[in-house]
$ cat final.csv   # CSV, C-alpha atoms
chain,number,residue,atom,x,y,z
V,881,MET,CA,78.7,113.9,131.2
V,882,THR,CA,82.0,114.0,129.3
V,883,ALA,CA,81.9,116.4,126.4
V,884,THR,CA,81.9,114.4,123.2
V,885,ARG,CA,81.0,114.6,119.5
V,886,SER,CA,80.3,111.5,117.4
V,887,TRP,CA,79.7,110.5,113.9
V,888,ALA,CA,78.7,107.1,112.4
V,889,LEU,CA,78.1,105.4,109.1
V,890,SER,CA,77.4,101.9,107.8
V,891,ASP,CA,77.5,100.4,104.3
V,892,PRO,CA,76.8,97.0,102.7
V,893,GLY,CA,80.2,97.0,101.1
V,894,SER,CA,81.3,96.3,97.5
V,895,VAL,CA,79.8,92.8,97.1
V,896,ARG,CA,76.9,92.2,99.4
V,897,LYS,CA,73.4,93.5,98.6
V,898,TYR,CA,72.3,93.6,102.2
V,899,ASN,CA,73.7,94.9,105.5
V,900,GLU,CA,73.9,92.7,108.6
V,901,ASP,CA,75.7,95.4,110.6
V,902,ASN,CA,73.8,97.7,113.0
V,903,LEU,CA,75.0,100.6,115.0
V,904,LEU,CA,73.7,102.7,117.9
V,905,SER,CA,74.7,106.2,118.8
V,906,ARG,CA,73.4,107.6,122.1
V,907,PRO,CA,75.7,110.5,123.0
V,908,GLU,CA,73.2,111.7,125.6
V,909,LEU,CA,73.9,108.5,127.5
V,910,GLY,CA,77.6,108.2,126.6
V,911,LEU,CA,77.0,104.9,124.8
V,912,TRP,CA,77.9,103.8,121.3
V,913,VAL,CA,77.6,100.3,119.8
V,914,VAL,CA,78.5,98.3,116.7
V,915,ALA,CA,77.0,94.9,116.1
V,916,ASP,CA,77.9,92.6,113.1
V,917,GLY,CA,75.4,89.9,112.4
V,918,ALA,CA,76.3,86.3,111.5
V,919,GLY,CA,74.3,83.5,110.0
V,920,GLY,CA,73.2,84.9,106.7
V,921,HIS,CA,70.5,87.4,105.5
V,922,ASP,CA,67.6,87.7,108.0
V,923,SER,CA,69.5,85.8,110.7
V,924,GLY,CA,72.4,88.2,110.9
V,925,GLU,CA,70.5,91.3,110.7
V,926,VAL,CA,67.9,89.9,113.2
V,927,ALA,CA,70.7,89.4,115.7
V,928,SER,CA,72.5,92.7,115.3
V,929,GLY,CA,69.1,94.5,115.1
V,930,MET,CA,67.9,93.0,118.3
V,931,ILE,CA,71.0,94.1,120.2
V,932,VAL,CA,70.6,97.7,119.0
V,933,GLU,CA,66.8,97.8,119.6
V,934,GLU,CA,67.2,96.5,123.2
V,935,LEU,CA,70.0,98.9,124.0
V,936,ALA,CA,68.1,101.8,122.5
V,937,ARG,CA,65.4,101.3,125.1
V,938,LEU,CA,67.8,101.9,128.1
V,939,PRO,CA,66.6,104.9,130.1
V,940,ASP,CA,68.5,108.2,130.0
V,941,ASN,CA,70.4,109.6,133.0
V,942,LEU,CA,71.8,106.3,134.2
V,943,PRO,CA,74.9,106.5,136.4
V,944,ALA,CA,77.9,105.0,134.7
V,945,ASP,CA,78.0,101.8,136.8
V,946,ASP,CA,74.3,101.2,136.3
V,947,LEU,CA,74.6,101.7,132.6
V,948,ILE,CA,77.5,99.2,132.3
V,949,MET,CA,75.5,96.7,134.4
V,950,LEU,CA,72.4,97.1,132.2
V,951,VAL,CA,74.4,96.7,129.0
V,952,ASN,CA,75.7,93.4,130.4
V,953,THR,CA,72.3,92.2,131.5
V,954,THR,CA,70.6,93.3,128.3
V,955,LEU,CA,73.1,91.5,126.2
V,956,SER,CA,72.7,88.3,128.3
V,957,ARG,CA,69.0,88.5,127.7
V,958,VAL,CA,69.4,89.0,124.0
V,959,HIS,CA,71.9,86.1,123.9
V,960,HIS,CA,69.3,83.7,125.3
V,961,ALA,CA,66.5,85.1,123.1
V,962,LEU,CA,68.6,84.5,120.0
V,963,ARG,CA,69.4,81.0,121.0
V,964,THR,CA,65.8,80.3,121.6
V,965,LYS,CA,64.8,81.8,118.2
V,966,ALA,CA,67.5,79.8,116.4
V,967,LEU,CA,66.2,76.5,117.9
V,968,THR,CA,62.7,77.2,116.4
V,969,ARG,CA,64.4,77.2,113.0
V,970,GLY,CA,66.4,74.0,113.3
V,971,THR,CA,69.1,72.5,115.4
V,972,ASP,CA,71.9,73.7,113.1
V,973,VAL,CA,70.7,77.3,112.8
V,974,VAL,CA,72.7,80.1,114.3
V,975,ILE,CA,71.4,83.6,114.8
V,976,ALA,CA,74.3,85.6,116.3
V,977,SER,CA,76.2,88.8,116.2
V,978,THR,CA,79.4,90.3,117.3
V,979,PHE,CA,79.2,93.2,119.7
V,980,ILE,CA,81.3,96.2,120.7
V,981,ALA,CA,80.2,99.0,123.0
V,982,LEU,CA,81.9,102.1,124.2
V,983,VAL,CA,80.8,104.0,127.3
V,984,VAL,CA,82.4,107.4,128.0
V,985,ARG,CA,81.6,109.1,131.3
V,986,GLU,CA,83.4,111.6,133.5
V,987,TYR,CA,86.5,111.3,131.4
V,988,ASN,CA,86.7,107.6,131.8
V,989,PHE,CA,85.9,104.9,129.2
V,990,THR,CA,84.8,101.3,129.2
V,991,CYS,CA,84.7,98.9,126.2
V,992,LEU,CA,82.6,95.7,126.4
V,993,TRP,CA,82.7,93.2,123.5
V,994,ALA,CA,82.2,89.7,122.2
V,995,GLY,CA,83.6,88.7,118.8
V,996,ASP,CA,85.9,90.5,116.4
V,997,SER,CA,84.4,93.9,116.0
V,998,ARG,CA,87.0,96.3,117.4
V,999,ALA,CA,87.6,99.4,119.3
V,1000,TYR,CA,90.6,101.6,118.6
V,1001,LEU,CA,91.9,104.7,120.4
V,1002,LEU,CA,93.8,107.5,118.7
V,1003,ARG,CA,95.8,109.6,121.1
V,1004,HIS,CA,98.5,112.2,120.2
V,1005,GLY,CA,98.6,110.6,116.7
V,1006,MET,CA,99.2,107.1,118.0
V,1007,LEU,CA,96.7,104.3,117.3
V,1008,SER,CA,96.1,101.5,119.8
V,1009,GLN,CA,93.7,98.6,119.6
V,1010,LEU,CA,91.7,98.4,122.8
V,1011,THR,CA,90.0,95.1,122.1
V,1012,ARG,CA,91.3,91.6,121.5
V,1013,ASP,CA,89.5,89.6,118.9
V,1014,HIS,CA,87.5,86.5,120.0
V,1015,SER,CA,88.6,84.5,116.9
V,1016,LEU,CA,90.3,81.3,115.9
V,1017,VAL,CA,93.2,83.1,114.3
V,1018,GLN,CA,93.7,85.3,117.4
V,1019,GLU,CA,93.9,82.1,119.5
V,1020,LEU,CA,96.5,80.7,117.1
V,1021,VAL,CA,98.5,83.9,117.3
V,1022,ASP,CA,98.4,83.8,121.1
V,1023,LEU,CA,99.6,80.2,121.1
V,1024,GLY,CA,102.5,81.2,118.8
V,1025,LYS,CA,101.2,79.0,116.0
V,1026,LEU,CA,100.5,81.9,113.6
V,1027,ALA,CA,102.2,85.2,113.0
V,1028,ALA,CA,100.0,88.2,113.6
V,1029,ALA,CA,100.9,89.5,110.1
V,1030,ASP,CA,99.4,86.3,108.6
V,1031,ALA,CA,96.2,86.3,110.6
V,1032,GLU,CA,94.0,88.3,108.2
V,1033,SER,CA,94.9,86.1,105.2
V,1034,HIS,CA,94.4,82.9,107.1
V,1035,PRO,CA,91.6,80.7,105.5
V,1036,HIS,CA,89.8,80.6,108.9
V,1037,ALA,CA,90.1,84.3,109.6
V,1038,ASN,CA,86.3,84.6,109.6
V,1039,ILE,CA,85.7,82.1,112.4
V,1040,ILE,CA,84.8,83.8,115.7
V,1041,THR,CA,84.9,82.1,119.0
V,1042,ARG,CA,82.5,84.3,120.9
V,1043,ALA,CA,79.3,86.1,119.9
V,1044,VAL,CA,75.9,87.1,121.2
V,1045,GLY,CA,73.5,84.3,120.3
V,1046,SER,CA,76.3,81.7,119.8
V,1047,ASP,CA,75.9,78.0,121.0
V,1048,SER,CA,77.5,78.8,124.4
V,1049,GLU,CA,75.0,78.7,127.2
V,1050,HIS,CA,76.4,81.8,128.8
V,1051,LEU,CA,77.6,85.0,127.3
V,1052,ASP,CA,80.9,86.4,128.6
V,1053,LEU,CA,81.7,90.0,127.6
V,1054,ASP,CA,85.3,91.1,127.8
V,1055,ARG,CA,85.9,94.5,129.3
V,1056,VAL,CA,88.6,97.2,129.3
V,1057,ASN,CA,88.7,100.5,131.2
V,1058,GLY,CA,90.8,103.6,131.0
V,1059,ALA,CA,91.0,107.4,131.1
V,1060,ALA,CA,89.4,109.4,128.3
V,1061,LYS,CA,91.4,112.6,127.6
V,1062,PRO,CA,90.5,115.7,125.6
V,1063,GLY,CA,91.5,115.2,122.0
V,1064,ASP,CA,91.1,111.4,122.1
V,1065,ARG,CA,89.3,109.8,119.2
V,1066,PHE,CA,87.7,106.4,119.5
V,1067,LEU,CA,86.8,104.2,116.6
V,1068,LEU,CA,84.3,101.3,116.8
V,1069,CYS,CA,84.2,99.2,113.7
V,1070,SER,CA,83.0,95.9,112.2
V,1071,ASP,CA,85.6,93.5,110.9
V,1072,GLY,CA,84.8,94.6,107.3
V,1073,LEU,CA,86.8,97.7,108.1
V,1074,SER,CA,89.6,96.3,110.3
V,1075,LYS,CA,90.3,93.4,107.9
V,1076,THR,CA,90.4,95.7,104.9
V,1077,LEU,CA,92.4,98.7,106.0
V,1078,THR,CA,95.9,98.6,107.5
V,1079,GLN,CA,96.5,100.3,110.9
V,1080,ALA,CA,98.5,102.9,109.1
V,1081,GLU,CA,95.5,103.7,106.9
V,1082,ILE,CA,93.2,103.8,109.9
V,1083,THR,CA,95.6,106.1,111.8
V,1084,ARG,CA,95.9,108.5,108.9
V,1085,LEU,CA,92.1,108.7,108.2
V,1086,LEU,CA,91.2,108.9,111.9
V,1087,SER,CA,93.7,111.8,112.4
V,1088,ALA,CA,91.8,114.0,109.9
V,1089,ALA,CA,91.0,117.5,111.2
V,1090,ASP,CA,87.3,117.1,110.3
V,1091,GLY,CA,85.9,114.3,112.5
V,1092,GLU,CA,82.5,114.7,110.9
V,1093,THR,CA,83.7,113.2,107.6
V,1094,THR,CA,85.9,110.6,109.1
V,1095,PRO,CA,83.4,107.6,109.0
V,1096,GLN,CA,82.8,108.5,105.3
V,1097,SER,CA,86.5,108.6,104.6
V,1098,LEU,CA,87.1,105.2,106.4
V,1099,ILE,CA,84.3,103.5,104.5
V,1100,ALA,CA,85.3,105.1,101.2
V,1101,ALA,CA,88.8,103.7,101.7
V,1102,ALA,CA,87.4,100.2,102.4
V,1103,LEU,CA,85.2,100.4,99.3
V,1104,GLY,CA,88.3,101.5,97.4
V,1105,HIS,CA,89.8,98.2,98.5
V,1106,LYS,CA,86.7,96.3,97.2
V,1107,VAL,CA,85.7,95.3,100.8
V,1108,ARG,CA,83.8,92.0,100.5
V,1109,ASP,CA,81.9,92.4,103.9
V,1110,ASN,CA,79.6,95.0,105.4
V,1111,VAL,CA,81.5,97.9,106.9
V,1112,THR,CA,80.6,100.1,109.8
V,1113,ALA,CA,82.5,102.9,111.5
V,1114,VAL,CA,81.5,104.9,114.6
V,1115,VAL,CA,83.9,107.8,115.6
V,1116,VAL,CA,83.7,109.4,119.1
V,1117,GLN,CA,85.8,112.4,119.9
V,1118,VAL,CA,86.4,113.6,123.4
V,1119,ASP,CA,86.4,117.4,123.8
V,1120,SER,CA,87.6,119.6,126.6
$ encode --input "final.csv" --output "structure tokens"
Amino acid sequence: MTATRSWALSDPGSVRKYNEDNLLSRPELGLWVVADGAGGHDSGEVASGMIVEELARLPDNLPADDLIMLVNTTLSRVHHALRTKALTRGTDVVIASTFIALVVREYNFTCLWAGDSRAYLLRHGMLSQLTRDHSLVQELVDLGKLAAADAESHPHANIITRAVGSDSEHLDLDRVNGAAKPGDRFLLCSDGLSKTLTQAEITRLLSAADGETTPQSLIAAALGHKVRDNVTAVVVQVDS
């Protein structure tokens, strides 16, 4: 196993009374997850909660390839279960959640995701976004119809195009792989954080010497901006 330390925190935010975000931290398995529920109170937290509950049941000591395969198959199973549950409540009901997972093994990492929860990597003081949002505004940016700087303020910025439990019959998780180097810090976060803080703010706070307090600092900054959504931060540091 790669030597890592990790810290995590979630908060309802400045406006909402309930929290539809869920997180999972399994450093013994090299697995960390953030899920941001959609569909309103009960529905959203049901979706994100089911993702975390199912992944929490994965056995220890799985080889990396088996772990990644089981994450995929588990999410596919949850996807179909949520679609079935939604149909029992009505044809227009959606019980869904975004999903971002980080696996770190043998100084390699893999991110798997659906939706607009994000993974970032801070390396040598430089922040890079590892994931690409599955969202309407990202599609507009890719088509050259919207400037990236205007994406977060777009009236449809909250519309996601892929999620666990969405109306698509099959769930497709995107994947990115890379080398994990000593000193790297990964951040998994719900869009409450990424849509509230600038990349410069995230870089500054993620660069703090004390990683243990970094999730608190990130969420405190979002609350300082009166974040209107739930906000979750998971920080994973790779040690030598």
$ residues_around --input "final.csv" --residues "Val1111 (chain V)" --least-positions-apart "3" --cutoff "10 Å" --atoms "all atoms listed in the file" --output "mmCIF file with C-alpha atoms, in the frame of the given file"
data_model
loop_
_atom_site.group_PDB
_atom_site.id
_atom_site.type_symbol
_atom_site.label_atom_id
_atom_site.label_comp_id
_atom_site.auth_asym_id
_atom_site.auth_seq_id
_atom_site.Cartn_x
_atom_site.Cartn_y
_atom_site.Cartn_z
ATOM 1 C CA LEU V 889 78.100 105.400 109.100
ATOM 2 C CA SER V 890 77.400 101.900 107.800
ATOM 3 C CA ASP V 891 77.500 100.400 104.300
ATOM 4 C CA PRO V 892 76.800 97.000 102.700
ATOM 5 C CA GLY V 893 80.200 97.000 101.100
ATOM 6 C CA SER V 894 81.300 96.300 97.500
ATOM 7 C CA ASN V 899 73.700 94.900 105.500
ATOM 8 C CA GLU V 900 73.900 92.700 108.600
ATOM 9 C CA ASP V 901 75.700 95.400 110.600
ATOM 10 C CA ASN V 902 73.800 97.700 113.000
ATOM 11 C CA ASP V 916 77.900 92.600 113.100
ATOM 12 C CA CYS V 1069 84.200 99.200 113.700
ATOM 13 C CA SER V 1070 83.000 95.900 112.200
ATOM 14 C CA ASP V 1071 85.600 93.500 110.900
ATOM 15 C CA GLY V 1072 84.800 94.600 107.300
ATOM 16 C CA LEU V 1073 86.800 97.700 108.100
ATOM 17 C CA SER V 1074 89.600 96.300 110.300
ATOM 18 C CA LYS V 1075 90.300 93.400 107.900
ATOM 19 C CA THR V 1076 90.400 95.700 104.900
ATOM 20 C CA LEU V 1098 87.100 105.200 106.400
ATOM 21 C CA ILE V 1099 84.300 103.500 104.500
ATOM 22 C CA ALA V 1100 85.300 105.100 101.200
ATOM 23 C CA ALA V 1102 87.400 100.200 102.400
ATOM 24 C CA LEU V 1103 85.200 100.400 99.300
ATOM 25 C CA VAL V 1107 85.700 95.300 100.800
ATOM 26 C CA ARG V 1108 83.800 92.000 100.500
#
$ closest_residue --input "final.csv" --among "V:Ile948, V:Ala927, V:Leu904, V:Ala1060" --to "Ala966 (chain V)" --atoms "all atoms listed in the file"
V:Ala927
$ atom_distance --input "final.csv" --atom1 "CA of Gln1018 (chain V)" --atom2 "CA of Arg1042 (chain V)"
11.8 Å
$ residues_around --input "final.csv" --residues "Ser977 (chain V)" --least-positions-apart "3" --cutoff "7 Å" --atoms "all atoms listed in the file" --output "list of chain:residue names"
V:Ala915, V:Asp916, V:Gly917, V:Ala918, V:Gly924, V:Ala927, V:Ser928, V:Ala1043, V:Val1044, V:Gly1045
$ residues_around --input "final.csv" --residues "Ile1039 (chain V)" --least-positions-apart "4" --cutoff "12 Å" --atoms "all atoms listed in the file" --output "mmCIF file with C-alpha atoms, in the frame of the given file"
data_model
loop_
_atom_site.group_PDB
_atom_site.id
_atom_site.type_symbol
_atom_site.label_atom_id
_atom_site.label_comp_id
_atom_site.auth_asym_id
_atom_site.auth_seq_id
_atom_site.Cartn_x
_atom_site.Cartn_y
_atom_site.Cartn_z
ATOM 1 C CA ALA V 918 76.300 86.300 111.500
ATOM 2 C CA GLY V 919 74.300 83.500 110.000
ATOM 3 C CA THR V 978 79.400 90.300 117.300
ATOM 4 C CA GLY V 995 83.600 88.700 118.800
ATOM 5 C CA ASP V 996 85.900 90.500 116.400
ATOM 6 C CA ASP V 1013 89.500 89.600 118.900
ATOM 7 C CA HIS V 1014 87.500 86.500 120.000
ATOM 8 C CA SER V 1015 88.600 84.500 116.900
ATOM 9 C CA LEU V 1016 90.300 81.300 115.900
ATOM 10 C CA VAL V 1017 93.200 83.100 114.300
ATOM 11 C CA GLN V 1018 93.700 85.300 117.400
ATOM 12 C CA GLU V 1019 93.900 82.100 119.500
ATOM 13 C CA LEU V 1020 96.500 80.700 117.100
ATOM 14 C CA ALA V 1031 96.200 86.300 110.600
ATOM 15 C CA GLU V 1032 94.000 88.300 108.200
ATOM 16 C CA HIS V 1034 94.400 82.900 107.100
ATOM 17 C CA PRO V 1035 91.600 80.700 105.500
ATOM 18 C CA ALA V 1043 79.300 86.100 119.900
ATOM 19 C CA SER V 1046 76.300 81.700 119.800
ATOM 20 C CA ASP V 1071 85.600 93.500 110.900
#
$ atom_distance --input "final.csv" --atom1 "CA of Leu1010 (chain V)" --atom2 "CA of Ala981 (chain V)"
11.5 Å
$ atom_distance --input "final.csv" --atom1 "CA of Leu938 (chain V)" --atom2 "CA of Arg1012 (chain V)"
26.5 Å
$ closest_residue --input "final.csv" --among "V:Thr953, V:Thr884, V:Thr968, V:Thr1094" --to "Leu1067 (chain V)" --atoms "only C-alpha atoms"
V:Thr1094
$ closest_residue --input "final.csv" --among "V:Val1115, V:Ala888, V:Ala1027, V:Leu1001" --to "Phe989 (chain V)" --atoms "all atoms listed in the file"
V:Leu1001
$ closest_residue --input "final.csv" --among "V:Leu942, V:Trp887, V:Leu1053, V:Leu1007" --to "His959 (chain V)" --atoms "all atoms listed in the file"
V:Leu1053
$ closest_residue --input "final.csv" --among "V:Val983, V:Val926, V:Val914, V:Leu935" --to "Ser956 (chain V)" --atoms "only C-alpha atoms"
V:Leu935
